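Text of coords-v7.cif (mmCIF, C-alpha atoms and all ligand atoms) as supplied:
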data_work
loop_
_atom_site.label_atom_id
_atom_site.label_comp_id
_atom_site.auth_asym_id
_atom_site.auth_seq_id
_atom_site.Cartn_x
_atom_site.Cartn_y
_atom_site.Cartn_z
CA MET A 1 63.03 133.14 150.13
CA LYS A 2 64.67 130.21 148.39
CA GLN A 3 65.88 126.94 149.85
CA VAL A 4 69.62 127.11 149.11
CA PHE A 5 70.68 123.92 150.84
CA SER A 6 68.69 120.74 151.19
CA ARG A 7 69.08 116.99 151.05
CA PRO A 8 70.01 115.64 147.60
CA GLU A 9 67.28 113.58 145.94
CA SER A 10 69.57 110.57 145.54
CA LEU A 11 69.85 110.30 149.34
CA LYS A 12 66.78 108.86 151.04
CA ASP A 13 65.21 110.91 153.80
CA ILE A 14 65.91 108.50 156.64
CA GLN A 15 68.02 108.43 159.77
CA THR A 16 71.41 106.72 159.32
CA HIS A 17 72.95 104.35 161.85
CA PHE A 18 76.28 106.20 161.77
CA CYS A 19 77.75 107.40 165.07
CA PRO A 20 77.63 111.15 165.84
CA GLY A 21 80.35 112.92 163.86
CA CYS A 22 81.05 109.95 161.58
CA HIS A 23 82.18 111.28 158.21
CA HIS A 24 80.49 108.44 156.31
CA GLY A 25 77.34 110.61 156.39
CA SER A 26 79.14 113.50 154.69
CA VAL A 27 80.62 111.22 152.03
CA HIS A 28 77.17 109.73 151.33
CA ARG A 29 75.73 113.19 150.81
CA LEU A 30 78.52 114.31 148.47
CA ALA A 31 78.15 111.16 146.38
CA ALA A 32 74.37 111.67 146.22
CA GLU A 33 74.86 115.29 145.16
CA ALA A 34 77.10 114.14 142.32
CA MET A 35 74.40 111.70 141.14
CA ASP A 36 71.84 114.51 141.26
CA GLU A 37 74.18 116.81 139.36
CA PHE A 38 74.40 114.42 136.41
CA GLY A 39 70.76 113.33 136.70
CA VAL A 40 71.75 109.65 136.89
CA ARG A 41 69.74 108.55 139.93
CA GLY A 42 67.56 106.24 137.85
CA GLU A 43 70.47 104.62 136.06
CA THR A 44 73.04 104.20 138.81
CA ILE A 45 74.11 100.92 140.39
CA GLY A 46 75.94 101.18 143.70
CA VAL A 47 78.16 98.41 145.01
CA ALA A 48 78.31 98.31 148.80
CA SER A 49 81.25 96.79 150.63
CA VAL A 50 81.62 95.25 154.07
CA GLY A 51 82.08 97.76 156.86
CA CYS A 52 80.08 100.54 158.46
CA SER A 53 78.89 101.63 155.01
CA VAL A 54 77.28 98.23 154.36
CA PHE A 55 73.79 99.72 154.65
CA LEU A 56 74.33 101.86 151.57
CA TYR A 57 71.37 100.17 149.92
CA GLY A 58 69.11 101.63 152.58
CA TYR A 59 70.41 105.17 152.19
CA PHE A 60 70.92 105.84 148.48
CA ASP A 61 67.88 106.01 146.27
CA VAL A 62 69.55 103.84 143.61
CA ASP A 63 69.90 100.11 142.96
CA VAL A 64 72.64 98.56 145.09
CA ILE A 65 74.47 95.23 145.03
CA GLU A 66 76.15 94.07 148.24
CA ALA A 67 79.61 92.62 147.56
CA PRO A 68 81.61 90.22 149.73
CA HIS A 69 84.38 91.85 151.76
CA GLY A 70 86.91 93.57 149.48
CA ARG A 71 85.32 92.33 146.27
CA ALA A 72 83.32 95.44 145.38
CA PRO A 73 85.56 96.46 142.43
CA ALA A 74 85.17 92.94 140.95
CA VAL A 75 81.39 93.04 141.41
CA ALA A 76 81.32 96.56 139.94
CA THR A 77 83.35 95.30 136.97
CA GLY A 78 80.72 92.66 136.29
CA ALA A 79 77.84 95.11 136.65
CA LYS A 80 79.46 97.68 134.33
CA ARG A 81 80.42 95.12 131.68
CA ALA A 82 76.91 93.67 131.71
CA ARG A 83 75.26 97.09 131.67
CA PRO A 84 77.69 99.61 130.14
CA ASP A 85 74.83 102.12 129.95
CA ARG A 86 74.67 102.33 133.77
CA ILE A 87 76.74 104.45 136.16
CA VAL A 88 78.42 102.01 138.54
CA PHE A 89 80.20 103.01 141.73
CA SER A 90 81.69 101.12 144.64
CA TYR A 91 81.95 102.56 148.15
CA GLN A 92 84.60 100.99 150.37
CA GLY A 93 86.37 101.45 153.68
CA ASP A 94 90.11 101.07 154.20
CA GLY A 95 89.87 97.62 155.76
CA ASP A 96 87.78 96.57 152.79
CA LEU A 97 89.70 98.22 149.96
CA ALA A 98 93.28 98.42 151.23
CA ALA A 99 93.47 95.12 153.15
CA ILE A 100 91.24 92.21 152.17
CA GLY A 101 90.41 93.72 148.78
CA THR A 102 93.88 94.85 147.66
CA ALA A 103 93.98 92.51 144.68
CA GLU A 104 90.53 93.52 143.44
CA ILE A 105 91.13 97.26 143.56
CA ILE A 106 94.59 97.10 141.97
CA HIS A 107 93.46 94.94 139.08
CA ALA A 108 90.19 96.76 138.45
CA ALA A 109 92.21 99.99 138.35
CA ASN A 110 94.91 98.45 136.18
CA ARG A 111 92.33 97.09 133.74
CA GLY A 112 90.89 100.58 133.56
CA GLU A 113 87.34 99.51 134.32
CA ASP A 114 84.87 102.31 133.67
CA ILE A 115 83.73 102.58 137.27
CA THR A 116 83.91 105.13 140.07
CA VAL A 117 85.44 104.02 143.37
CA ILE A 118 84.78 105.97 146.58
CA PHE A 119 87.34 105.04 149.24
CA VAL A 120 86.71 106.13 152.84
CA ASN A 121 89.98 106.12 154.78
CA ASN A 122 89.34 106.38 158.54
CA THR A 123 92.61 104.63 159.53
CA THR A 124 90.79 101.71 161.12
CA TYR A 125 88.33 98.84 160.76
CA GLY A 126 85.28 100.69 162.04
CA MET A 127 82.53 98.12 162.03
CA THR A 128 84.41 95.36 163.84
CA GLY A 129 85.74 97.43 166.72
CA GLY A 130 88.72 99.42 165.52
CA GLN A 131 91.41 96.95 164.46
CA MET A 132 94.60 98.14 162.75
CA ALA A 133 94.23 98.71 159.01
CA PRO A 134 96.98 99.21 156.39
CA THR A 135 96.13 102.94 156.66
CA THR A 136 96.52 103.14 160.46
CA MET A 137 98.97 105.89 161.39
CA VAL A 138 102.38 105.00 162.89
CA GLY A 139 101.96 105.05 166.66
CA GLN A 140 98.16 104.88 166.48
CA LYS A 141 96.68 102.65 169.17
CA THR A 142 93.98 100.29 167.95
CA SER A 143 92.47 97.12 169.38
CA THR A 144 95.11 95.06 167.54
CA SER A 145 97.99 97.51 168.04
CA PRO A 146 97.52 98.37 171.73
CA TYR A 147 101.03 99.87 171.95
CA GLY A 148 100.61 101.81 168.72
CA ARG A 149 101.41 100.82 165.14
CA ASP A 150 105.06 99.82 164.96
CA HIS A 151 106.44 100.40 161.45
CA SER A 152 109.26 97.95 161.97
CA LYS A 153 106.71 95.14 162.22
CA ASP A 154 103.56 96.58 160.64
CA GLY A 155 104.94 98.78 157.87
CA TYR A 156 103.82 102.30 157.11
CA PRO A 157 100.32 103.55 156.26
CA ILE A 158 99.55 102.86 152.62
CA ARG A 159 98.74 105.81 150.36
CA MET A 160 96.18 104.40 147.97
CA ALA A 161 95.47 107.52 145.89
CA GLU A 162 99.16 107.90 144.98
CA LEU A 163 99.63 104.16 144.48
CA LEU A 164 96.73 103.82 142.03
CA ALA A 165 97.77 107.00 140.23
CA GLN A 166 100.83 105.04 138.96
CA LEU A 167 98.66 102.67 136.94
CA GLU A 168 98.11 103.32 133.24
CA GLY A 169 94.51 102.17 133.47
CA VAL A 170 93.54 104.90 135.89
CA GLY A 171 91.87 108.06 134.57
CA PHE A 172 91.38 109.95 137.81
CA SER A 173 92.80 109.61 141.31
CA ALA A 174 92.42 112.18 144.09
CA ARG A 175 92.35 112.56 147.86
CA VAL A 176 89.99 114.89 149.72
CA ALA A 177 88.80 115.46 153.29
CA VAL A 178 85.53 116.65 154.85
CA ASN A 179 86.88 118.11 158.11
CA SER A 180 86.30 121.80 157.31
CA PRO A 181 83.89 123.76 155.12
CA LYS A 182 86.73 124.53 152.73
CA ASN A 183 87.70 120.87 152.39
CA VAL A 184 84.04 119.86 151.98
CA MET A 185 83.68 122.28 149.06
CA GLN A 186 86.79 120.83 147.39
CA ALA A 187 85.55 117.29 148.11
CA LYS A 188 82.21 118.18 146.52
CA LYS A 189 83.95 119.39 143.38
CA LEU A 190 86.23 116.38 143.04
CA MET A 191 83.44 113.90 143.87
CA LYS A 192 81.60 115.32 140.86
CA THR A 193 84.75 114.92 138.76
CA ALA A 194 84.96 111.27 139.85
CA PHE A 195 81.42 110.72 138.52
CA ARG A 196 81.97 112.92 135.47
CA TYR A 197 84.73 110.56 134.38
CA GLN A 198 82.20 107.78 134.07
CA VAL A 199 79.42 109.93 132.61
CA GLU A 200 81.83 111.09 129.88
CA LYS A 201 83.37 107.60 129.51
CA LYS A 202 86.88 108.76 130.41
CA GLY A 203 87.88 105.72 132.44
CA PHE A 204 88.48 104.48 135.97
CA ALA A 205 88.02 107.11 138.69
CA PHE A 206 89.17 106.84 142.30
CA ILE A 207 88.44 109.28 145.11
CA GLU A 208 89.87 108.78 148.59
CA VAL A 209 88.19 110.65 151.44
CA LEU A 210 89.99 111.11 154.78
CA ALA A 211 87.35 110.46 157.41
CA ALA A 212 86.85 110.48 161.16
CA CYS A 213 85.74 107.45 163.15
CA PRO A 214 85.19 109.10 166.55
CA THR A 215 83.94 105.90 168.16
CA ASN A 216 86.95 103.70 167.45
CA TRP A 217 89.43 106.53 167.87
CA GLY A 218 88.03 107.02 171.38
CA MET A 219 87.47 110.71 170.70
CA ASN A 220 84.50 113.02 170.75
CA PRO A 221 83.31 114.14 167.30
CA LEU A 222 85.03 117.53 167.41
CA ALA A 223 88.37 116.07 168.53
CA ALA A 224 88.14 113.35 165.89
CA ASN A 225 87.36 115.95 163.22
CA GLN A 226 90.38 117.93 164.39
CA ARG A 227 92.62 114.84 164.18
CA VAL A 228 91.89 114.47 160.48
CA GLY A 229 93.54 117.82 159.81
CA ASP A 230 96.28 117.59 162.40
CA GLU A 231 97.48 114.01 161.88
CA MET A 232 96.09 112.54 158.69
CA VAL A 233 96.41 115.37 156.16
CA PRO A 234 100.18 115.83 156.73
CA TYR A 235 100.77 112.13 155.93
CA PHE A 236 97.98 111.72 153.37
CA PRO A 237 98.25 114.95 151.36
CA LEU A 238 95.07 116.21 149.70
CA GLY A 239 95.18 116.68 145.96
CA VAL A 240 94.64 115.31 142.48
CA TYR A 241 97.21 112.65 141.62
CA ARG A 242 96.02 111.71 138.14
CA ASN A 243 93.58 113.38 135.77
CA THR A 244 94.23 112.09 132.27
CA ALA A 245 91.20 113.77 130.68
CA ASN A 246 91.81 117.07 132.47
CA LEU A 247 88.23 117.22 133.75
CA MET B 1 65.88 137.09 156.04
CA PRO B 2 68.40 134.22 155.52
CA HIS B 3 68.04 131.51 158.14
CA ILE B 4 68.57 127.82 158.82
CA VAL B 5 66.24 125.12 160.13
CA ILE B 6 67.76 122.30 162.17
CA ASP B 7 65.86 119.03 162.09
CA GLU B 8 66.00 118.07 165.77
CA ALA B 9 65.03 114.49 165.14
CA ARG B 10 68.01 114.00 162.80
CA CYS B 11 70.60 115.95 164.77
CA LYS B 12 73.14 113.76 166.59
CA GLY B 13 74.71 116.60 168.54
CA CYS B 14 78.16 116.13 166.99
CA GLY B 15 78.85 119.87 167.01
CA LEU B 16 80.51 120.00 163.60
CA CYS B 17 78.10 122.75 162.48
CA THR B 18 79.15 124.90 165.45
CA ILE B 19 82.75 125.19 164.21
CA ALA B 20 81.59 125.87 160.64
CA CYS B 21 79.53 129.03 161.15
CA PRO B 22 81.70 132.11 160.60
CA LYS B 23 79.26 134.10 162.77
CA LYS B 24 79.00 131.50 165.55
CA LEU B 25 75.23 131.36 165.25
CA VAL B 26 74.95 127.63 165.91
CA ALA B 27 75.62 126.11 169.32
CA LEU B 28 74.92 122.86 171.11
CA SER B 29 72.07 123.04 173.60
CA ASP B 30 71.46 120.95 176.73
CA SER B 31 68.15 119.68 175.46
CA PRO B 32 68.12 116.09 174.24
CA ASN B 33 66.03 114.79 171.34
CA SER B 34 64.20 111.45 171.40
CA MET B 35 67.50 109.64 170.71
CA GLY B 36 69.13 111.35 173.70
CA PHE B 37 71.42 113.56 171.62
CA THR B 38 71.74 117.17 172.79
CA VAL B 39 70.80 119.03 169.66
CA ALA B 40 72.24 122.06 167.91
CA VAL B 41 70.30 125.31 168.08
CA PHE B 42 70.35 128.37 165.86
CA SER B 43 70.36 131.84 167.35
CA ASP B 44 70.06 135.35 165.99
CA ALA B 45 68.62 134.95 162.52
CA SER B 46 69.29 138.64 161.89
CA GLN B 47 73.00 137.85 161.43
CA CYS B 48 72.71 134.74 159.23
CA THR B 49 74.01 135.24 155.71
CA GLY B 50 72.67 131.96 154.34
CA CYS B 51 76.22 130.92 153.44
CA THR B 52 75.33 127.18 153.93
CA LEU B 53 78.66 126.33 155.60
CA CYS B 54 76.96 124.86 158.68
CA ALA B 55 74.83 122.62 156.48
CA GLU B 56 77.82 121.57 154.38
CA MET B 57 79.58 120.34 157.54
CA CYS B 58 76.64 118.38 158.95
CA PRO B 59 77.22 114.64 158.41
CA ASP B 60 73.54 113.95 159.03
CA VAL B 61 72.05 116.45 156.58
CA ALA B 62 70.01 117.86 159.49
CA ILE B 63 70.28 121.49 158.38
CA THR B 64 68.27 123.24 155.67
CA VAL B 65 69.25 126.75 154.61
CA PHE B 66 66.93 129.46 153.27
CA LYS B 67 68.06 132.68 151.62
C1 LIG C 301 85.27 87.70 154.58
C2 LIG C 301 85.06 88.57 155.78
N1 LIG C 301 86.08 88.78 156.64
C3 LIG C 301 85.91 89.56 157.73
C4 LIG C 301 84.69 90.15 157.97
C5 LIG C 301 84.53 91.03 159.20
N2 LIG C 301 84.50 92.45 158.92
C6 LIG C 301 83.33 93.13 158.84
S1 LIG C 301 83.53 94.77 158.61
C7 LIG C 301 85.22 94.59 158.62
C8 LIG C 301 86.15 95.78 158.49
C9 LIG C 301 85.58 96.98 157.82
O1 LIG C 301 86.45 98.04 157.95
P1 LIG C 301 86.56 99.19 156.87
O2 LIG C 301 86.57 98.62 155.51
O3 LIG C 301 87.74 100.02 157.24
O4 LIG C 301 85.20 100.00 156.98
P2 LIG C 301 84.63 100.94 158.15
O5 LIG C 301 83.78 100.05 159.00
O6 LIG C 301 85.78 101.54 158.89
O7 LIG C 301 83.82 101.96 157.42
C10 LIG C 301 85.60 93.26 158.80
C11 LIG C 301 86.98 92.78 158.90
C12 LIG C 301 83.65 89.91 157.05
N3 LIG C 301 82.44 90.48 157.22
N4 LIG C 301 83.84 89.13 155.97
S1 LIG C 302 82.22 102.93 164.12
FE1 LIG C 302 83.34 104.60 163.13
S2 LIG C 302 83.06 104.31 160.90
FE2 LIG C 302 81.50 103.09 161.99
S3 LIG C 302 79.67 104.40 162.08
FE3 LIG C 302 80.81 104.69 164.02
S4 LIG C 302 82.18 106.43 163.64
FE4 LIG C 302 81.45 105.70 161.63
S1 LIG C 303 74.03 129.66 156.93
FE1 LIG C 303 76.10 130.49 157.37
S2 LIG C 303 75.72 132.29 158.68
FE2 LIG C 303 73.81 131.09 158.68
S3 LIG C 303 73.99 129.78 160.49
FE3 LIG C 303 74.79 128.60 158.77
S4 LIG C 303 76.99 128.98 158.74
FE4 LIG C 303 76.06 130.53 160.05
S1 LIG C 304 76.42 119.00 162.46
FE1 LIG C 304 74.34 118.23 162.17
S2 LIG C 304 74.17 116.45 163.52
FE2 LIG C 304 75.99 117.59 164.14
S3 LIG C 304 75.26 118.98 165.79
FE3 LIG C 304 75.11 120.14 163.88
S4 LIG C 304 73.03 119.79 163.12
FE4 LIG C 304 73.44 118.26 164.68
#
Please express the file's structure as structure tokens.
Ligand SMILES: Cc1ncc(C[n+]2csc(CCOP(=O)(O)OP(=O)(O)O)c2C)c(N)n1
Ligand code: SF4
Ligand code: SF4
Ligand code: SF4
Amino acid sequence: MKQVFSRPESLKDIQTHFCPGCHHGSVHRLAAEAMDEFGVRGETIGVASVGCSVFLYGYFDVDVIEAPHGRAPAVATGAKRARPDRIVFSYQGDGDLAAIGTAEIIHAANRGEDITVIFVNNTTYGMTGGQMAPTTMVGQKTSTSPYGRDHSKDGYPIRMAELLAQLEGVGFSARVAVNSPKNVMQAKKLMKTAFRYQVEKKGFAFIEVLAACPTNWGMNPLAANQRVGDEMVPYFPLGVYRNTANL
Amino acid sequence: MPHIVIDEARCKGCGLCTIACPKKLVALSDSPNSMGFTVAVFSDASQCTGCTLCAEMCPDVAITVFK
């Protein structure tokens, strides 16, 4: 009898603070599996952002720098330029990356920094109580859009994977989801590609993960998981939007 | 025989594993763990194929699979 599924070594064996059914846990595991796959646990530097994933440094068994809100790609740029021999990744929510940190992500991507960016899109600001984010769906009720997002005033949800794929500096840009076993398997594969880009020095890699935030969506975990497929995937299509090295 | 082990202490009772198992071998119980979450339970090891899909869906890495 062989153990065919167990916790990746790069993920510490401790209880997370995430709510039941929060997809941050799944994204952490997939990222840790990618680090295990390339054997880079001892040479990886993570850059945590501000949001529910802020405790990254407690969960990954790698060195982690905590960046100010939205600034993780700038901090990761510094870390990678100072230590080009290290694998550097940032891990950011949609409030962090697509709102307060828009300038940092666009310019890090446009400069083609050799970093990996993991972007968790749960259509809301999770940590602070579910405010509207640039990724909030039209009509979605949040604590700052109590009547639902109104596109005439608030615009439409921003598609970061497609947007960054337009930039010459970007090597890899993809969107995945973790709401079904099939999507998890695809997410696992593309998460590895996002790290492979850096391992093989092929340039900036971006992976967006559609994620559930049951707590701020006011849904139970199964309903929130279902919403990802029913409402998010049709607007935020899964796929690879740029893959210059064909990895 | 392929089987899974659910770490009760880590399980948050989200139920995502229950929709993943093609054989419906995982279900939520009524029994709470020390955190108060009603944990997932595995039944009928004779039917488990060790496919790992339940474990792949678990956001809390609470499931280990043996084959
Ligand atoms: C400069 C600054 N502004 C505002 C905040 C408050 N704040 C903390 S977390 C957060 C939003 C995080 O949302 P998101 O990036 O979507 O991550 P999630 O919690 O959903 O994973 C905000 C606005 C802060 N910590 N620092
Ligand atoms: S508030 Fe939302 S994003 Fe934060 S841990 Fe809970 S479910 Fe996850
Ligand atoms: S390993 Fe596969 S068959 Fe066995 S309980 Fe899990 S999902 Fe079901
Ligand atoms: S998916 Fe994991 S945490 Fe959720 S009920 Fe199943 S074993 Fe428990």
Output the contact residues of chain A with respect to chain B at a cut-off of 10 Å, based on only C-alpha atoms, as a PDB file with C-alpha atoms, in the frame of the given file.
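Below is the file that was written, part.pdb:
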ATOM      1  CA  MET A   1      63.030 133.140 150.130  1.00  0.00           C
ATOM      2  CA  LYS A   2      64.670 130.210 148.390  1.00  0.00           C
ATOM      3  CA  GLN A   3      65.880 126.940 149.850  1.00  0.00           C
ATOM      4  CA  VAL A   4      69.620 127.110 149.110  1.00  0.00           C
ATOM      5  CA  PHE A   5      70.680 123.920 150.840  1.00  0.00           C
ATOM      6  CA  SER A   6      68.690 120.740 151.190  1.00  0.00           C
ATOM      7  CA  ARG A   7      69.080 116.990 151.050  1.00  0.00           C
ATOM      8  CA  PRO A   8      70.010 115.640 147.600  1.00  0.00           C
ATOM      9  CA  LEU A  11      69.850 110.300 149.340  1.00  0.00           C
ATOM     10  CA  ASP A  13      65.210 110.910 153.800  1.00  0.00           C
ATOM     11  CA  ILE A  14      65.910 108.500 156.640  1.00  0.00           C
ATOM     12  CA  GLN A  15      68.020 108.430 159.770  1.00  0.00           C
ATOM     13  CA  THR A  16      71.410 106.720 159.320  1.00  0.00           C
ATOM     14  CA  PHE A  18      76.280 106.200 161.770  1.00  0.00           C
ATOM     15  CA  CYS A  19      77.750 107.400 165.070  1.00  0.00           C
ATOM     16  CA  PRO A  20      77.630 111.150 165.840  1.00  0.00           C
ATOM     17  CA  GLY A  21      80.350 112.920 163.860  1.00  0.00           C
ATOM     18  CA  CYS A  22      81.050 109.950 161.580  1.00  0.00           C
ATOM     19  CA  HIS A  23      82.180 111.280 158.210  1.00  0.00           C
ATOM     20  CA  HIS A  24      80.490 108.440 156.310  1.00  0.00           C
ATOM     21  CA  GLY A  25      77.340 110.610 156.390  1.00  0.00           C
ATOM     22  CA  SER A  26      79.140 113.500 154.690  1.00  0.00           C
ATOM     23  CA  VAL A  27      80.620 111.220 152.030  1.00  0.00           C
ATOM     24  CA  HIS A  28      77.170 109.730 151.330  1.00  0.00           C
ATOM     25  CA  ARG A  29      75.730 113.190 150.810  1.00  0.00           C
ATOM     26  CA  LEU A  30      78.520 114.310 148.470  1.00  0.00           C
ATOM     27  CA  VAL A 178      85.530 116.650 154.850  1.00  0.00           C
ATOM     28  CA  ASN A 179      86.880 118.110 158.110  1.00  0.00           C
ATOM     29  CA  SER A 180      86.300 121.800 157.310  1.00  0.00           C
ATOM     30  CA  PRO A 181      83.890 123.760 155.120  1.00  0.00           C
ATOM     31  CA  LYS A 182      86.730 124.530 152.730  1.00  0.00           C
ATOM     32  CA  ASN A 183      87.700 120.870 152.390  1.00  0.00           C
ATOM     33  CA  VAL A 184      84.040 119.860 151.980  1.00  0.00           C
ATOM     34  CA  MET A 185      83.680 122.280 149.060  1.00  0.00           C
ATOM     35  CA  LYS A 188      82.210 118.180 146.520  1.00  0.00           C
ATOM     36  CA  PRO A 214      85.190 109.100 166.550  1.00  0.00           C
ATOM     37  CA  ASN A 220      84.500 113.020 170.750  1.00  0.00           C
ATOM     38  CA  PRO A 221      83.310 114.140 167.300  1.00  0.00           C
ATOM     39  CA  LEU A 222      85.030 117.530 167.410  1.00  0.00           C
ATOM     40  CA  ASN A 225      87.360 115.950 163.220  1.00  0.00           C
TER      41      ASN A 225
END
For ligand LIG 303 (chain C), take all atoms listed in the file, fit an axis-aligned box around them, add 5 Å to each of the six sides, then output centre and edge lengths in Å rounded to one decimal, as AutoDock Vina command-line options.
--center_x 75.4 --center_y 130.4 --center_z 158.7 --size_x 13.2 --size_y 13.7 --size_z 13.6
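We find atom CA of Ile118 of chain A and atom CA of Met219 of chain A to be spaced 24.7 Å apart.
Counting only C-alpha atoms and all ligand atoms, the residue from B:Ser29, B:Asp7, B:Gln47, B:Met35 that sits nearest to ligand LIG 303 (chain C) is B:Gln47.
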* Around ligand LIG 301 (chain C), at most 8 Å away and counting all atoms listed in the file, which residues are there? Put them as a list in words, please. =>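 Using all atoms listed in the file, everything at most 8 Å from ligand LIG 301 (chain C) comes to His24, Ser49, Val50, Gly51, Cys52, Ser53, Pro68, His69, Gly70, Gln92, Gly93, Asp94, Gly95, Asp96, Leu97, Ala98, Ile100, Val120, Asn121, Asn122, Thr123, Thr124, Tyr125, Gly126, Met127, Thr128, Gly130, Ala133 and Cys213 of chain A.
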Expected residue set, 8 Å radius at (89.7, 109.0, 134.5), all atoms listed in the file, as an mmCIF file with C-alpha atoms, in the coordinates of the input:
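Once written, result06.cif looks like this:
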data_model
loop_
_atom_site.group_PDB
_atom_site.id
_atom_site.type_symbol
_atom_site.label_atom_id
_atom_site.label_comp_id
_atom_site.auth_asym_id
_atom_site.auth_seq_id
_atom_site.Cartn_x
_atom_site.Cartn_y
_atom_site.Cartn_z
ATOM 1 C CA VAL A 170 93.540 104.900 135.890
ATOM 2 C CA GLY A 171 91.870 108.060 134.570
ATOM 3 C CA PHE A 172 91.380 109.950 137.810
ATOM 4 C CA SER A 173 92.800 109.610 141.310
ATOM 5 C CA ALA A 194 84.960 111.270 139.850
ATOM 6 C CA TYR A 197 84.730 110.560 134.380
ATOM 7 C CA GLN A 198 82.200 107.780 134.070
ATOM 8 C CA LYS A 202 86.880 108.760 130.410
ATOM 9 C CA GLY A 203 87.880 105.720 132.440
ATOM 10 C CA PHE A 204 88.480 104.480 135.970
ATOM 11 C CA ALA A 205 88.020 107.110 138.690
ATOM 12 C CA ARG A 242 96.020 111.710 138.140
ATOM 13 C CA ASN A 243 93.580 113.380 135.770
ATOM 14 C CA THR A 244 94.230 112.090 132.270
ATOM 15 C CA ALA A 245 91.200 113.770 130.680
#
* Got a sec: who's within 10 Å of Asp44 of chain B, counting only C-alpha atoms, leaving out chain neighbours fewer than 6 positions off, as a PyMOL selection string? -> chain B and resi 3+23-26
Generate the output file for the selected residues, C-alpha atoms, as a PDB file, in the frame of the given file.
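Written output follows (again_30.pdb):
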ATOM      1  CA  HIS B   3      68.040 131.510 158.140  1.00  0.00           C
ATOM      2  CA  LYS B  23      79.260 134.100 162.770  1.00  0.00           C
ATOM      3  CA  LYS B  24      79.000 131.500 165.550  1.00  0.00           C
ATOM      4  CA  LEU B  25      75.230 131.360 165.250  1.00  0.00           C
ATOM      5  CA  VAL B  26      74.950 127.630 165.910  1.00  0.00           C
TER       6      VAL B  26
END
* Could you give me, as number ranges by chain, the residues within 9 Å of Thr77 of chain A, counting all atoms listed in the file and dropping anything in the same chain fewer than 6 positions from it? => A: 88, 108, 113-115
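Going from atom CA of Ala212 of chain A over to atom CA of Tyr156 of chain A, you cover 19.3 Å.
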* Identify, on the basis of only C-alpha atoms, every residue whose closest approach to Ile158 of chain A does not exceed 9 Å; exclude the query and any residue fewer than 5 positions from it along the same chain; express the result as JSON, numbers by chain. => {"A": [98, 134, 135, 136, 163]}
* Asked: Quick one, how far is atom CA of Ser145 of chain A from atom CA of Leu238 of chain A?
  -> 26.4 Å
* Asked: If we count all atoms listed in the file, what is near Gly155 of chain A at a cut-off of 9 Å, once residues fewer than 5 positions away on the same chain are taken out, given as a list in words?
  ->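 Surrounding residues, per the criterion: Pro134, Val138, Arg149 and Asp150 of chain A.
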* To do: Rank B:Ala27, B:Val5, B:Ala40, B:Cys48 by their smallest atom-to-atom distance to ligand LIG 304 (chain C), using all atoms listed in the file, and report the top residue only.
  =>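 The shortest atom-to-atom distance to ligand LIG 304 (chain C) comes from B:Ala40.
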* For Arg196 of chain A, please output as a PyMOL selection string all residues within 10 Å (counting only C-alpha atoms; exclusion window: fewer than 2 positions along the same chain). => chain A and resi 34-35+37-38+87+116+190-194+198-203+205+247
